[in-house]
file start_24.json (JSON, C-alpha atoms)
[["chain", "number", "residue", "atom", "x", "y", "z"],
["F", 1, "MET", "CA", -20.20, 195.69, 109.94],
["F", 2, "LEU", "CA", -21.43, 196.57, 113.39],
["F", 3, "GLY", "CA", -19.87, 198.29, 116.36],
["F", 4, "SER", "CA", -20.71, 200.00, 119.61],
["F", 5, "ILE", "CA", -19.19, 202.61, 121.86],
["F", 6, "GLU", "CA", -19.95, 202.71, 125.59],
["F", 7, "TRP", "CA", -18.96, 205.69, 127.70],
["F", 8, "THR", "CA", -17.47, 204.52, 131.00],
["F", 9, "GLY", "CA", -16.91, 207.92, 132.63],
["F", 10, "GLY", "CA", -14.68, 210.91, 132.18],
["F", 11, "SER", "CA", -13.03, 210.69, 128.78],
["F", 12, "GLN", "CA", -13.10, 206.89, 128.61],
["F", 13, "VAL", "CA", -15.08, 204.55, 126.38],
["F", 14, "ILE", "CA", -15.12, 200.91, 125.43],
["F", 15, "ALA", "CA", -15.32, 200.32, 121.68],
["F", 16, "LYS", "CA", -16.62, 196.89, 120.64],
["F", 17, "ASN", "CA", -16.91, 195.19, 117.29],
["F", 18, "GLN", "CA", -19.56, 192.71, 116.23],
["F", 19, "THR", "CA", -17.52, 189.70, 117.40],
["F", 20, "GLY", "CA", -17.12, 191.10, 120.91],
["F", 21, "HIS", "CA", -13.51, 192.25, 120.67],
["F", 22, "SER", "CA", -13.02, 195.52, 122.50],
["F", 23, "LEU", "CA", -10.64, 198.43, 122.95],
["F", 24, "ASN", "CA", -10.50, 200.64, 126.02],
["F", 25, "LEU", "CA", -10.02, 204.20, 124.79],
["F", 26, "ASP", "CA", -9.40, 207.48, 126.54],
["F", 27, "TRP", "CA", -9.65, 210.57, 124.34],
["F", 28, "ASP", "CA", -7.66, 212.69, 126.84],
["F", 29, "ASP", "CA", -4.90, 210.29, 127.93],
["F", 30, "GLY", "CA", -4.88, 207.69, 125.18],
["F", 31, "PRO", "CA", -5.08, 207.65, 121.42],
["F", 32, "SER", "CA", -7.66, 210.13, 120.20],
["F", 33, "PRO", "CA", -10.20, 209.15, 117.55],
["F", 34, "VAL", "CA", -8.11, 211.03, 114.96],
["F", 35, "GLN", "CA", -4.96, 209.18, 116.04],
["F", 36, "LEU", "CA", -6.88, 205.92, 115.66],
["F", 37, "VAL", "CA", -7.69, 206.84, 112.05],
["F", 38, "LEU", "CA", -3.97, 207.39, 111.40],
["F", 39, "LEU", "CA", -3.12, 204.08, 113.06],
["F", 40, "ALA", "CA", -5.88, 202.33, 111.11],
["F", 41, "VAL", "CA", -4.35, 203.50, 107.82],
["F", 42, "GLY", "CA", -1.01, 202.01, 108.87],
["F", 43, "THR", "CA", -2.47, 198.76, 110.16],
["F", 44, "CYS", "CA", -4.56, 198.26, 107.04],
["F", 45, "SER", "CA", -1.63, 198.89, 104.70],
["F", 46, "LEU", "CA", 0.84, 196.78, 106.69],
["F", 47, "ALA", "CA", -1.65, 193.91, 106.57],
["F", 48, "ASP", "CA", -1.69, 194.22, 102.76],
["F", 49, "VAL", "CA", 2.11, 194.17, 102.58],
["F", 50, "ILE", "CA", 2.52, 191.20, 104.94],
["F", 51, "THR", "CA", -0.21, 189.27, 103.13],
["F", 52, "GLY", "CA", 1.48, 190.01, 99.80],
["F", 53, "LEU", "CA", 4.79, 188.70, 101.16],
["F", 54, "LYS", "CA", 3.32, 185.44, 102.47],
["F", 55, "GLU", "CA", 5.61, 183.37, 100.23],
["F", 56, "ARG", "CA", 8.70, 185.28, 101.43],
["F", 57, "LYS", "CA", 10.64, 185.22, 104.68],
["F", 58, "VAL", "CA", 9.70, 188.31, 106.74],
["F", 59, "THR", "CA", 11.36, 188.81, 110.14],
["F", 60, "ASN", "CA", 10.16, 192.30, 111.02],
["F", 61, "ALA", "CA", 7.81, 194.93, 109.69],
["F", 62, "SER", "CA", 6.73, 198.33, 110.99],
["F", 63, "ILE", "CA", 5.57, 201.71, 109.76],
["F", 64, "GLU", "CA", 6.51, 205.12, 111.12],
["F", 65, "MET", "CA", 3.77, 207.62, 110.37],
["F", 66, "GLU", "CA", 3.28, 211.37, 110.46],
["F", 67, "GLY", "CA", -0.11, 212.88, 109.88],
["F", 68, "VAL", "CA", -0.44, 216.61, 109.24],
["F", 69, "ARG", "CA", -3.75, 218.26, 110.11],
["F", 70, "ARG", "CA", -5.09, 221.65, 109.14],
["F", 71, "ASP", "CA", -5.32, 224.33, 111.83],
["F", 72, "GLU", "CA", -8.99, 225.20, 111.43],
["F", 73, "VAL", "CA", -11.95, 223.10, 112.50],
["F", 74, "PRO", "CA", -12.62, 220.44, 111.44],
["F", 75, "ARG", "CA", -8.94, 219.56, 111.87],
["F", 76, "ILE", "CA", -8.85, 216.93, 109.15],
["F", 77, "PHE", "CA", -5.66, 215.37, 107.84],
["F", 78, "THR", "CA", -4.08, 217.15, 104.90],
["F", 79, "SER", "CA", -1.31, 214.60, 104.43],
["F", 80, "ILE", "CA", 0.11, 211.39, 105.83],
["F", 81, "HIS", "CA", 3.70, 210.27, 105.32],
["F", 82, "MET", "CA", 4.50, 206.61, 105.94],
["F", 83, "ILE", "CA", 7.94, 205.04, 106.28],
["F", 84, "TYR", "CA", 7.81, 201.27, 105.88],
["F", 85, "ASN", "CA", 10.60, 199.39, 107.68],
["F", 86, "ILE", "CA", 10.58, 195.86, 106.29],
["F", 87, "GLU", "CA", 13.03, 193.02, 106.95],
["F", 88, "ALA", "CA", 12.31, 190.45, 104.29],
["F", 89, "ASP", "CA", 13.87, 188.30, 101.63],
["F", 90, "ALA", "CA", 12.05, 190.07, 98.83],
["F", 91, "PRO", "CA", 13.05, 192.35, 95.96],
["F", 92, "GLU", "CA", 12.52, 196.07, 96.53],
["F", 93, "ARG", "CA", 10.36, 196.29, 93.42],
["F", 94, "LEU", "CA", 7.93, 193.72, 94.85],
["F", 95, "VAL", "CA", 7.62, 195.45, 98.23],
["F", 96, "LYS", "CA", 7.19, 198.89, 96.64],
["F", 97, "GLY", "CA", 4.53, 197.44, 94.37],
["F", 98, "LEU", "CA", 2.67, 195.98, 97.34],
["F", 99, "ILE", "CA", 2.75, 199.35, 99.11],
["F", 100, "GLU", "CA", 1.46, 201.14, 96.00],
["F", 101, "LYS", "CA", -1.31, 198.59, 95.43],
["F", 102, "SER", "CA", -2.30, 198.85, 99.07],
["F", 103, "HIS", "CA", -3.03, 202.56, 98.76],
["F", 104, "GLU", "CA", -4.39, 202.39, 95.20],
["F", 105, "LYS", "CA", -6.75, 199.47, 95.67],
["F", 106, "TYR", "CA", -6.70, 197.24, 98.74],
["F", 107, "CYS", "CA", -6.48, 199.37, 101.91],
["F", 108, "THR", "CA", -10.05, 200.44, 102.55],
["F", 109, "VAL", "CA", -9.04, 202.95, 105.20],
["F", 110, "SER", "CA", -6.56, 204.89, 103.08],
["F", 111, "ASN", "CA", -8.89, 204.75, 100.10],
["F", 112, "MET", "CA", -11.61, 206.45, 102.17],
["F", 113, "LEU", "CA", -9.19, 209.34, 102.71],
["F", 114, "LEU", "CA", -7.45, 209.61, 99.33],
["F", 115, "GLU", "CA", -9.76, 212.24, 97.85],
["F", 116, "SER", "CA", -9.05, 214.70, 100.64],
["F", 117, "ILE", "CA", -5.44, 214.01, 101.64],
["F", 118, "LYS", "CA", -2.08, 213.17, 100.12],
["F", 119, "ILE", "CA", -0.44, 209.93, 101.25],
["F", 120, "THR", "CA", 3.28, 209.59, 100.60],
["F", 121, "THR", "CA", 5.44, 206.57, 101.33],
["F", 122, "GLU", "CA", 9.04, 205.48, 101.50],
["F", 123, "LEU", "CA", 10.58, 202.07, 102.00],
["F", 124, "ARG", "CA", 13.52, 200.94, 104.11],
["F", 125, "LEU", "CA", 14.07, 197.34, 103.07],
["F", 126, "THR", "CA", 16.69, 195.13, 104.68],
["F", 127, "PRO", "CA", 17.30, 191.38, 104.31],
["F", 128, "ALA", "CA", 15.46, 189.05, 106.67],
["F", 129, "LYS", "CA", 17.41, 188.03, 109.72],
["F", 130, "SER", "CA", 18.28, 184.38, 110.18]]

call {"tool": "encode", "arguments": {"input": "start_24.json", "output": "structure tokens"}}
result
Amino acid sequence: MLGSIEWTGGSQVIAKNQTGHSLNLDWDDGPSPVQLVLLAVGTCSLADVITGLKERKVTNASIEMEGVRRDEVPRIFTSIHMIYNIEADAPERLVKGLIEKSHEKYCTVSNMLLESIKITTELRLTPAKS
């Protein structure tokens, strides 16, 4: 995996991956690098859940997240709480299992953090809309 970061002035950078996709970031006025880590945990896990539900009807999916950081430097996360809002025609047991497996095995981002932080989850599951 390759990437590059190019400073474009002030607090702005362009982050590029090896295929040329890029993100314009601003560490003062946009998501900070730490916020991006939090968002990466959510994106990675939601991808696992959606992929696991590929045989089911899913009409909406989102995650609300709260990351708690310690006060002293380095201000690393101490915990992350994730609320999964899923509209799908799937049993609750299946969706909960996908969420658990995501953090136990499949989500690389959360697994990189698991030894130093506690990740908790809850599920709000509603039937898929027609």

call {"tool": "closest_atom_pairs", "arguments": {"input": "start_24.json", "of": "stretch 78-129 of chain F", "to": "stretch 70-74 of chain F", "cutoff": "12 Å", "atoms": "all atoms listed in the file", "output": "tab-separated table"}}
result
residue	atom	partner	partner_atom	distance
F:Thr78	CA	F:Arg70	CA	6.3
F:Ser79	CA	F:Arg70	CA	9.3
F:Ile80	CA	F:Arg70	CA	12.0
F:Ser116	CA	F:Arg70	CA	11.7
F:Ile117	CA	F:Arg70	CA	10.7

call {"tool": "atom_distance", "arguments": {"input": "start_24.json", "atom1": "atom CA of F:Asp48", "atom2": "atom CA of F:Val68"}}
result
23.3 Å

call {"tool": "residues_around", "arguments": {"input": "start_24.json", "residues": "F:Asp26", "least_positions_apart": "6", "cutoff": "12 Å", "atoms": "only C-alpha atoms", "output": "MDAnalysis selection string"}}
result
chainID F and resid 5:15 32:33 35:36

call {"tool": "atom_distance", "arguments": {"input": "start_24.json", "atom1": "atom CA of F:Ser4", "atom2": "atom CA of F:Pro31"}}
result
17.5 Å

call {"tool": "residues_around", "arguments": {"input": "start_24.json", "residues": "stretch 42-47 of chain F", "least_positions_apart": "3", "cutoff": "7 Å", "atoms": "all atoms listed in the file", "output": "list in words"}}
result
Leu38, Leu39, Ile50, Thr51, Ile63, Ser102, Cys107 and Val109 of chain F

call {"tool": "residues_near_point", "arguments": {"input": "start_24.json", "point": "(12.2, 198.1, 102.7)", "cutoff": "8 Å", "atoms": "all atoms listed in the file", "output": "PyMOL selection string"}}
result
chain F and resi 84-88+92+95-96+123-126

call {"tool": "atom_distance", "arguments": {"input": "start_24.json", "atom1": "atom CA of F:Met82", "atom2": "atom CA of F:Thr121"}}
result
4.7 Å

call {"tool": "closest_residue", "arguments": {"input": "start_24.json", "among": "F:Gly52, F:His81, F:Leu114, F:Glu122", "to": "F:Glu66", "atoms": "only C-alpha atoms"}}
result
F:His81

call {"tool": "closest_residue", "arguments": {"input": "start_24.json", "among": "F:Asp89, F:Leu2, F:Gly97, F:Glu64", "to": "F:Ser130", "atoms": "all atoms listed in the file"}}
result
F:Asp89

call {"tool": "closest_residue", "arguments": {"input": "start_24.json", "among": "F:Ala90, F:Ile76, F:Leu23, F:Ile119", "to": "F:Glu104", "atoms": "only C-alpha atoms"}}
result
F:Ile119

call {"tool": "decode", "arguments": {"input": "start_24.json", "residues": "stretch 63-78 of chain F", "atoms": "N, CA, C and O atoms", "output": "PDB file, in the first residue's frame"}}
result
ATOM      1  N   ILE F  63     -23.609   4.908  10.762  1.00  0.00           N
ATOM      2  CA  ILE F  63     -23.058   4.707  12.100  1.00  0.00           C
ATOM      3  C   ILE F  63     -22.845   6.073  12.738  1.00  0.00           C
ATOM      4  O   ILE F  63     -22.225   6.950  12.137  1.00  0.00           O
ATOM      5  N   GLU F  64     -23.360   6.231  13.951  1.00  0.00           N
ATOM      6  CA  GLU F  64     -23.046   7.399  14.771  1.00  0.00           C
ATOM      7  C   GLU F  64     -21.897   6.984  15.681  1.00  0.00           C
ATOM      8  O   GLU F  64     -21.934   5.898  16.263  1.00  0.00           O
ATOM      9  N   MET F  65     -20.891   7.847  15.798  1.00  0.00           N
ATOM     10  CA  MET F  65     -19.696   7.463  16.538  1.00  0.00           C
ATOM     11  C   MET F  65     -19.288   8.533  17.536  1.00  0.00           C
ATOM     12  O   MET F  65     -19.413   9.725  17.257  1.00  0.00           O
ATOM     13  N   GLU F  66     -18.778   8.070  18.674  1.00  0.00           N
ATOM     14  CA  GLU F  66     -18.188   8.988  19.644  1.00  0.00           C
ATOM     15  C   GLU F  66     -16.863   8.409  20.103  1.00  0.00           C
ATOM     16  O   GLU F  66     -16.809   7.302  20.651  1.00  0.00           O
ATOM     17  N   GLY F  67     -15.810   9.145  19.853  1.00  0.00           N
ATOM     18  CA  GLY F  67     -14.495   8.748  20.308  1.00  0.00           C
ATOM     19  C   GLY F  67     -14.092   9.582  21.505  1.00  0.00           C
ATOM     20  O   GLY F  67     -14.243  10.806  21.495  1.00  0.00           O
ATOM     21  N   VAL F  68     -13.608   8.931  22.544  1.00  0.00           N
ATOM     22  CA  VAL F  68     -13.131   9.623  23.740  1.00  0.00           C
ATOM     23  C   VAL F  68     -11.603   9.538  23.738  1.00  0.00           C
ATOM     24  O   VAL F  68     -11.037   8.460  23.548  1.00  0.00           O
ATOM     25  N   ARG F  69     -10.976  10.699  23.957  1.00  0.00           N
ATOM     26  CA  ARG F  69      -9.511  10.759  23.959  1.00  0.00           C
ATOM     27  C   ARG F  69      -9.011  11.156  25.342  1.00  0.00           C
ATOM     28  O   ARG F  69      -9.689  11.860  26.074  1.00  0.00           O
ATOM     29  N   ARG F  70      -7.824  10.708  25.673  1.00  0.00           N
ATOM     30  CA  ARG F  70      -7.255  11.099  26.962  1.00  0.00           C
ATOM     31  C   ARG F  70      -6.819  12.567  26.899  1.00  0.00           C
ATOM     32  O   ARG F  70      -6.619  13.126  25.817  1.00  0.00           O
ATOM     33  N   ASP F  71      -6.673  13.183  28.058  1.00  0.00           N
ATOM     34  CA  ASP F  71      -6.351  14.607  28.136  1.00  0.00           C
ATOM     35  C   ASP F  71      -4.879  14.904  27.871  1.00  0.00           C
ATOM     36  O   ASP F  71      -4.541  15.953  27.348  1.00  0.00           O
ATOM     37  N   GLU F  72      -3.999  13.972  28.259  1.00  0.00           N
ATOM     38  CA  GLU F  72      -2.576  14.238  28.101  1.00  0.00           C
ATOM     39  C   GLU F  72      -2.070  13.787  26.727  1.00  0.00           C
ATOM     40  O   GLU F  72      -2.644  12.930  26.078  1.00  0.00           O
ATOM     41  N   VAL F  73      -0.969  14.387  26.331  1.00  0.00           N
ATOM     42  CA  VAL F  73      -0.339  14.095  25.050  1.00  0.00           C
ATOM     43  C   VAL F  73       0.450  12.806  25.162  1.00  0.00           C
ATOM     44  O   VAL F  73       1.110  12.598  26.179  1.00  0.00           O
ATOM     45  N   PRO F  74       0.405  11.913  24.189  1.00  0.00           N
ATOM     46  CA  PRO F  74      -0.411  12.000  22.986  1.00  0.00           C
ATOM     47  C   PRO F  74      -1.876  11.710  23.300  1.00  0.00           C
ATOM     48  O   PRO F  74      -2.185  10.792  24.073  1.00  0.00           O
ATOM     49  N   ARG F  75      -2.771  12.465  22.710  1.00  0.00           N
ATOM     50  CA  ARG F  75      -4.201  12.385  23.011  1.00  0.00           C
ATOM     51  C   ARG F  75      -4.849  11.249  22.224  1.00  0.00           C
ATOM     52  O   ARG F  75      -5.692  11.467  21.373  1.00  0.00           O
ATOM     53  N   ILE F  76      -4.443  10.043  22.547  1.00  0.00           N
ATOM     54  CA  ILE F  76      -4.962   8.866  21.850  1.00  0.00           C
ATOM     55  C   ILE F  76      -6.386   8.564  22.311  1.00  0.00           C
ATOM     56  O   ILE F  76      -6.823   8.999  23.366  1.00  0.00           O
ATOM     57  N   PHE F  77      -7.098   7.804  21.479  1.00  0.00           N
ATOM     58  CA  PHE F  77      -8.431   7.352  21.869  1.00  0.00           C
ATOM     59  C   PHE F  77      -8.322   6.393  23.050  1.00  0.00           C
ATOM     60  O   PHE F  77      -7.424   5.553  23.097  1.00  0.00           O
ATOM     61  N   THR F  78      -9.265   6.514  23.970  1.00  0.00           N
ATOM     62  CA  THR F  78      -9.384   5.538  25.045  1.00  0.00           C
ATOM     63  C   THR F  78     -10.584   4.634  24.796  1.00  0.00           C
ATOM     64  O   THR F  78     -10.611   3.495  25.246  1.00  0.00           O
TER      65      THR F  78
END
